[in-house]
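Following: one structure in structure tokens, then a few remarks.
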Amino acid sequence: MSDTDGKKPLGLGGGAPRPGQVKQSFSHGRTKSVVVETKRKRVVVPVAAAKPGTPGAAAAPGSASHLGDPSKRPAGISDAEMERRLAALRVAKAREAEDNARRAEDDKARDEERARKREETETKDREERERLAAAKAKADEEERVRVEAAAEAVSKAAARKADVLGTSRRQPAAPEKPAEAAAPSGRGDRADRNAPAQPAVNDAIARAPMGAKPALAVRKVDRDREERERNAKAKTDDGRRTGKLTLNDALAGESGRTRSMAAMKRKQEKARQKALGIGKPEKQFRDVQLPETITVSELANRMTERAADVVKSLMKMGMMVTMNQAIDADTAELVIEEFGHRVVRVSDADVEQAIELVADADGTRITRPPIVTIMGHVDHGKTSLLDAIRKANVVSGEAGGITQHIGAYQVTTEKGQVLTFLDTPGHAAFTSMRSRGAQVTDIVVLVVAADDAVMPQTIEAIAHAKAAKVPMIVAINKVDKYGADPTKVRTDLLQHEIVVEAMSGDVQDVEVSAKTGQGIEELLEAIALQAEILELRANPNRAAAGAVIEAKLDVGRGPIATVLVQNGTLRKGDIFVVGEQWGKVRALINDKGERIDEAGPSVPVEVLGLSGTPSAGDTLNVVETEAQAREIADYRLKTAKDKRAAAGAATTLEQLMAKAKADQSVAELPVLVKADVQGSAEAIVQALEKVGNDEVRVRVLSYGVGAITDTDVMLAEASKCPIIGFNVRANASARNSAHQKGVEIRYYSIIYDLVDDIKAAASGLLKAEIRETFIGYATIKEVFKVTGIGQVAGCLVTEGVARRSAGVRLLRDNVVIHEGTLKTLKRFKDEVKEVISGQECGMAFERYDDIRAGDVIEIFEREEIQRTLA
């Protein structure tokens with residue numbers, strides 16, 4: 001009886017089913033083998049790509065025709081770059097056409113191979129079916145012959161039995177036999193009668209028991225064995241098995257874990273896709289952005305290639321590199337072209353493109369307040385004049401009455417005009433600060449005292465204004481003082497090519513008095529008139545851009561920058577980059593100390609939220625994201641470091657040796673400077689660098705903004721230098737540390753005092769000047785030899801006086817042959833301190849005996865004179 005019992009196995013139905021046997025695994029090591037049948041899926045042939053001539057093959061945006069069109073060309077692309085891109089595009093299209101042709105040939109060869117294999121498989125299956133049919137027919141024939149032989153044997157046995165029974169009836173009764181003892185029952189007679197026919201029947205039963213059923217059992221065993229052999233031969237390379245599960249196969253099955261149906265289905269699908277050639281995705285050719293240097297792993301990532309393949313390609317070029325090693329752009333370009341991608345060269349400086357300023361249209365700009373800078377010599381009344389304009393008192397807040405920071409203020413006149421004023425220091429140390437003030441200003445007001453006329457810083461301010469190419473208004477201050485002469489001021493300005501209107505020139509001049517308020521209104525009208533002529537406009541509806549006027553480090557609020565917005569509007573929450581720093585606006589504070597939400601053009605504000613203290617004069621630009629700001633700041637920091645390294649590496653070894661040799665004879669006074677704002681720190685450093693000469697100089701080891709900390713004390717201790725604090729103080733920890741380590745901290749609030757003290761300290765390093773004073777001459781008359789002393793010269797003092805503590809030179813024929821000191825000076829037998837002119841004496845030189853009669857002794861004294869720096 002068959003295991004299927006005449007029932008059709010469970011399957012998907014339809015088509016030509018392919019039987020498969022899988023084994024399911026359960027807990028406790030139990031397994032179960034089941035038969036599944038899968039239907040061969042229809043083969044889906046991918047649709048061929050559109051031909052170039054078809055309407056669907058229109059020019060894509062990145063095609064050569066598109067790139068060649070000047071109207072559709074990207075901004076900033078030169079003709080050479082465009083030609084190179086077009087050439088690369090043509091090469092890529094040619095390579096793509098070759099790949100398509102080769103792929104078509106591969107598909108055709110694959111189809112032919114698949115057809116050939118299919119024919120071979122069908123031929124083998126047909127031959128196998130014919131063989132199985134022949135074997136089955138032979139088995140059926142043998143079975144039929146066996147059944148017929150068994151039936152014939154049974155019929156013959158029955159016939160012999162009938163013959164035996166008939167013969168016994170016809171014969172007479174036989175004598176009694178002892179067989180009765182063996183068969184006492186009544187059945188013994190029947191058994192005895194059947195005895196002669198039993199051997200033939202048993203033989204037939206042995207060959208075919210119970211008729212046809214023994215033959216069926218033998219056939220089932222043979223069929224199962226043949227089926228097992230057929231299943232063993234039908235196992236394919238990918239592990240799939242065909243045939244039906246039988247009881248014997250289940251009992252004799254493998255005990256190992258088998259794959260699930262889902263795994264078998266995935267494997268079959270993968271094999272089908274591999275056979276059809278549609279399983280592998282189409283390779284994508286990309287535009288790879290290539291900087292000046294790039295690591296191998298990053299290059300592989302941008303090409304979406306395996307890093308091992310990129311390393312292998314570089315090794316073929318003769319470069320033994322690792323994945324984390326950096327390569328130059330030219331080598332990387334060769335690798336990119338080898339993998340079939342397109343190269344897009346970029347530079348590290350491209351990050352600056354995020355803050356490129358675009359010119360505003362005329363309709364978007366509105367009138368903005370003018371930025372007015374007050375310039376002039378120290379103590380000529382610049383800040384007092386601004387006080388009179390603001391009606392405030394700022395001078396009293398400045399140490400020594402001297403402006404030491406750039407002050408930025410907004411003033412609204414009585415007529416409603418808004419003016420932005422910058423007050424720059426007039427001291428010589430603040431040249432760089434005045435220079436920055438002239439760079440961001442629209443109008444310069446040159447303040448000249450009527451009683452002092454043109455001074456050095458006045459000339460410097462004129463130079464800055466001319467360099468910035470900004471209009472100038474001359475404010476002749478202190479006209480109320482006794483001895484004021486405005487005409488002399490106008491005349492002195494002629495020497496510097498400044499011709500005022502009073503002398504038929506084009507430069508406005510106003511006589512003012514900051515003390516009495518005389519001429520203030522006229523000065524404001526002149527400024528408003530000049531601003532109207534300039535037609536100052538700006539677009540407030542764009543990303544803000546401005547200049548850093550001042551920067552400082554506040555203990556409680558962190559880095560703070562005073563920014564003058566030049567264009568756009570700076571709002572709270574904006575992300576910006578300024579110099580080598582970046583940040584996000586946390587707060588905006590105006591000149592009155594009030595917090596505001598936004599600042600438009602020409603508005604000075606303090607900005608909080610910087611990552612570090614910027615340099616005064618840096619430009620602030622608002623960007624879109626923090627990533628852009630951080631990237632730009634990192635690039636600028638790296639560029640600055642590279643420039644410093646290149647400047648240091650530019651010197652040759654000979655130059656370094658010569659500098660080291662020259663530095664050995666130069667005494668240095670190292671100092672460490674901390675100031676309250678960046679501009680003051682820079683001014684102090686510039687002033688200290690000018691202190692010194694060829695013998696001594698001041699070396700600023702470090703300067704910064706903010707309070708004096710433990711780090712500064714540690715640096716000062718290691719360098720054995722004092723700490724100079726300008727308008728800052730040391731915190732408690734730094735004071736204790738400085739006291740324990742013996743570090744001197746000096747506090748200043750006026751730059752004059754600081755520079756004078758440093759000059760005095762540097763003067764102490766100067767070598768004292770040695771000045772010789774001639775005091776007398778003596779002539780050697782005779783030479784004596786004295787025991788214990790040596791050669792003693794008998795001398796006559798011919799001029800001046802001879803002293804034992806003085807220095808002497810021995811002259812022979814007016815040539816100095818020895819210079820030294822006296823060992824002894826005697827008159828007669830007594831040791832004396834000095835001998836006057838006209839007297840005789842005895843002299844002996846220290847460690848020198850070569851003296852002769854007629855030699856002349858020159859006697860002089862040395863005097864040390866302490867020098868000072870000018």
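Residues in the structure tokens are named by chain (A, B, ... in the order shown) and by number from 1 within that chain; ligands are numbered from 1 in the order shown.
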
Write out as a short mmCIF file (atom, residue, chain, number, x, y, z; two decimals) with C-alpha atoms, in the first residue's frame which residues come within 12 Å of A:Gln678 when counting only C-alpha atoms, dropping same-chain ones fewer than 5 positions away.
data_model
loop_
_atom_site.label_atom_id
_atom_site.label_comp_id
_atom_site.auth_asym_id
_atom_site.auth_seq_id
_atom_site.Cartn_x
_atom_site.Cartn_y
_atom_site.Cartn_z
CA GLN A 404 41.31 104.00 26.11
CA HIS A 405 38.51 102.10 24.35
CA ILE A 406 36.49 102.71 21.24
CA PHE A 430 46.07 103.27 19.92
CA SER A 432 45.59 100.35 15.25
CA MET A 433 42.33 101.18 17.03
CA VAL A 548 33.85 94.24 15.54
CA ILE A 549 34.77 97.55 17.14
CA GLU A 550 35.90 96.08 20.46
CA ALA A 551 35.99 92.69 22.19
CA LYS A 552 36.44 91.64 25.80
CA LEU A 553 36.03 88.67 28.13
CA ASP A 554 33.56 89.20 30.93
CA PRO A 559 33.22 86.72 25.49
CA ILE A 560 31.54 89.96 24.41
CA ALA A 561 32.03 91.79 21.12
CA THR A 562 30.99 95.37 20.37
CA GLY A 612 35.80 82.81 22.04
CA THR A 613 37.09 86.36 22.10
CA PRO A 614 37.51 87.68 18.53
CA SER A 615 40.01 90.27 17.42
CA ALA A 616 38.92 93.87 17.11
CA GLY A 617 38.43 94.65 13.44
CA ASP A 618 37.10 91.19 12.48
CA VAL A 673 49.94 91.18 29.63
CA ALA A 683 47.76 98.69 21.90
CA ILE A 684 49.83 97.73 24.95
CA VAL A 685 51.67 95.01 23.05
CA TYR A 703 48.64 88.60 26.08
CA GLY A 704 44.94 88.10 26.48
CA VAL A 705 41.63 89.47 27.63
CA GLY A 706 40.10 88.83 31.04
CA PHE A 726 45.51 96.67 32.61
CA ASN A 727 42.08 97.42 34.10
#

Pairwise distance for atom CA of A:Asp328 and atom CA of A:Glu292, rounded to one decimal in Å = 6.2 Å

ask   = What does the distance from atom CA of A:Ser733 to atom CA of A:Tyr752 come to in Å, to one decimal?
value =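 Computed distance, atom CA of A:Ser733 to atom CA of A:Tyr752, equals 29.1 Å.
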
Using only C-alpha atoms: which of A:Val783, A:Leu534, A:Val344, A:Val448 has the shortest distance to A:Ile77 =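 Ranked by minimum distance to A:Ile77, first place goes to A:Val344.
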
message = Please extract the residues of stretch 481-580 of chain A with a backbone DSSP assignment of helix (DSSP H, G or I) and present them as number ranges by chain.
response = A: 486-494, 501-503, 520-534

query = What does the distance from atom CA of A:Val372 to atom CA of A:Ala528 come to in Å, to one decimal?
reply = 10.3 Å

remark   = Counting only C-alpha atoms, closest pick from A:Cys721, A:Ala687, A:Ala732, A:Gly820 relative to A:Glu744 is A:Cys721

ask   = Which residue gives the smallest distance to A:Asp492 among A:Met472, A:Ala139, A:Ile459, A:Leu524, with only C-alpha atoms counted?
value = A:Ile459

message = Give me the residues near A:Gly573 as an NGL selection string, where near means some atom within 10 Å (using only C-alpha atoms) and where sequence neighbours in that chain fewer than 2 positions away do not count.
response = :A and (570-571 or 575-576 or 583-588 or 597-598 or 609)

All residues 10 Å or closer to A:Thr821, only C-alpha atoms, same chain fewer than 2 positions away omitted, as an mmCIF file with C-alpha atoms, in the first residue's frame:
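Here's the written file part-v4.cif:
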data_model
loop_
_atom_site.group_PDB
_atom_site.id
_atom_site.type_symbol
_atom_site.label_atom_id
_atom_site.label_comp_id
_atom_site.auth_asym_id
_atom_site.auth_seq_id
_atom_site.Cartn_x
_atom_site.Cartn_y
_atom_site.Cartn_z
ATOM 1 C CA ARG A 804 97.352 103.470 43.377
ATOM 2 C CA SER A 805 93.626 102.643 42.748
ATOM 3 C CA ALA A 806 93.740 103.985 39.189
ATOM 4 C CA GLY A 807 94.313 102.052 36.017
ATOM 5 C CA VAL A 808 97.573 102.339 34.096
ATOM 6 C CA ARG A 809 98.816 101.777 30.560
ATOM 7 C CA HIS A 818 100.256 96.687 28.574
ATOM 8 C CA GLU A 819 97.126 97.757 30.433
ATOM 9 C CA LYS A 823 100.817 96.435 42.452
ATOM 10 C CA THR A 824 102.585 99.007 44.563
ATOM 11 C CA ALA A 844 105.350 97.984 40.157
ATOM 12 C CA PHE A 845 102.739 96.482 37.750
ATOM 13 C CA GLU A 846 100.447 93.604 38.671
ATOM 14 C CA ARG A 847 101.723 90.440 36.944
ATOM 15 C CA TYR A 848 103.911 92.316 34.451
ATOM 16 C CA ILE A 859 97.303 106.902 34.542
#
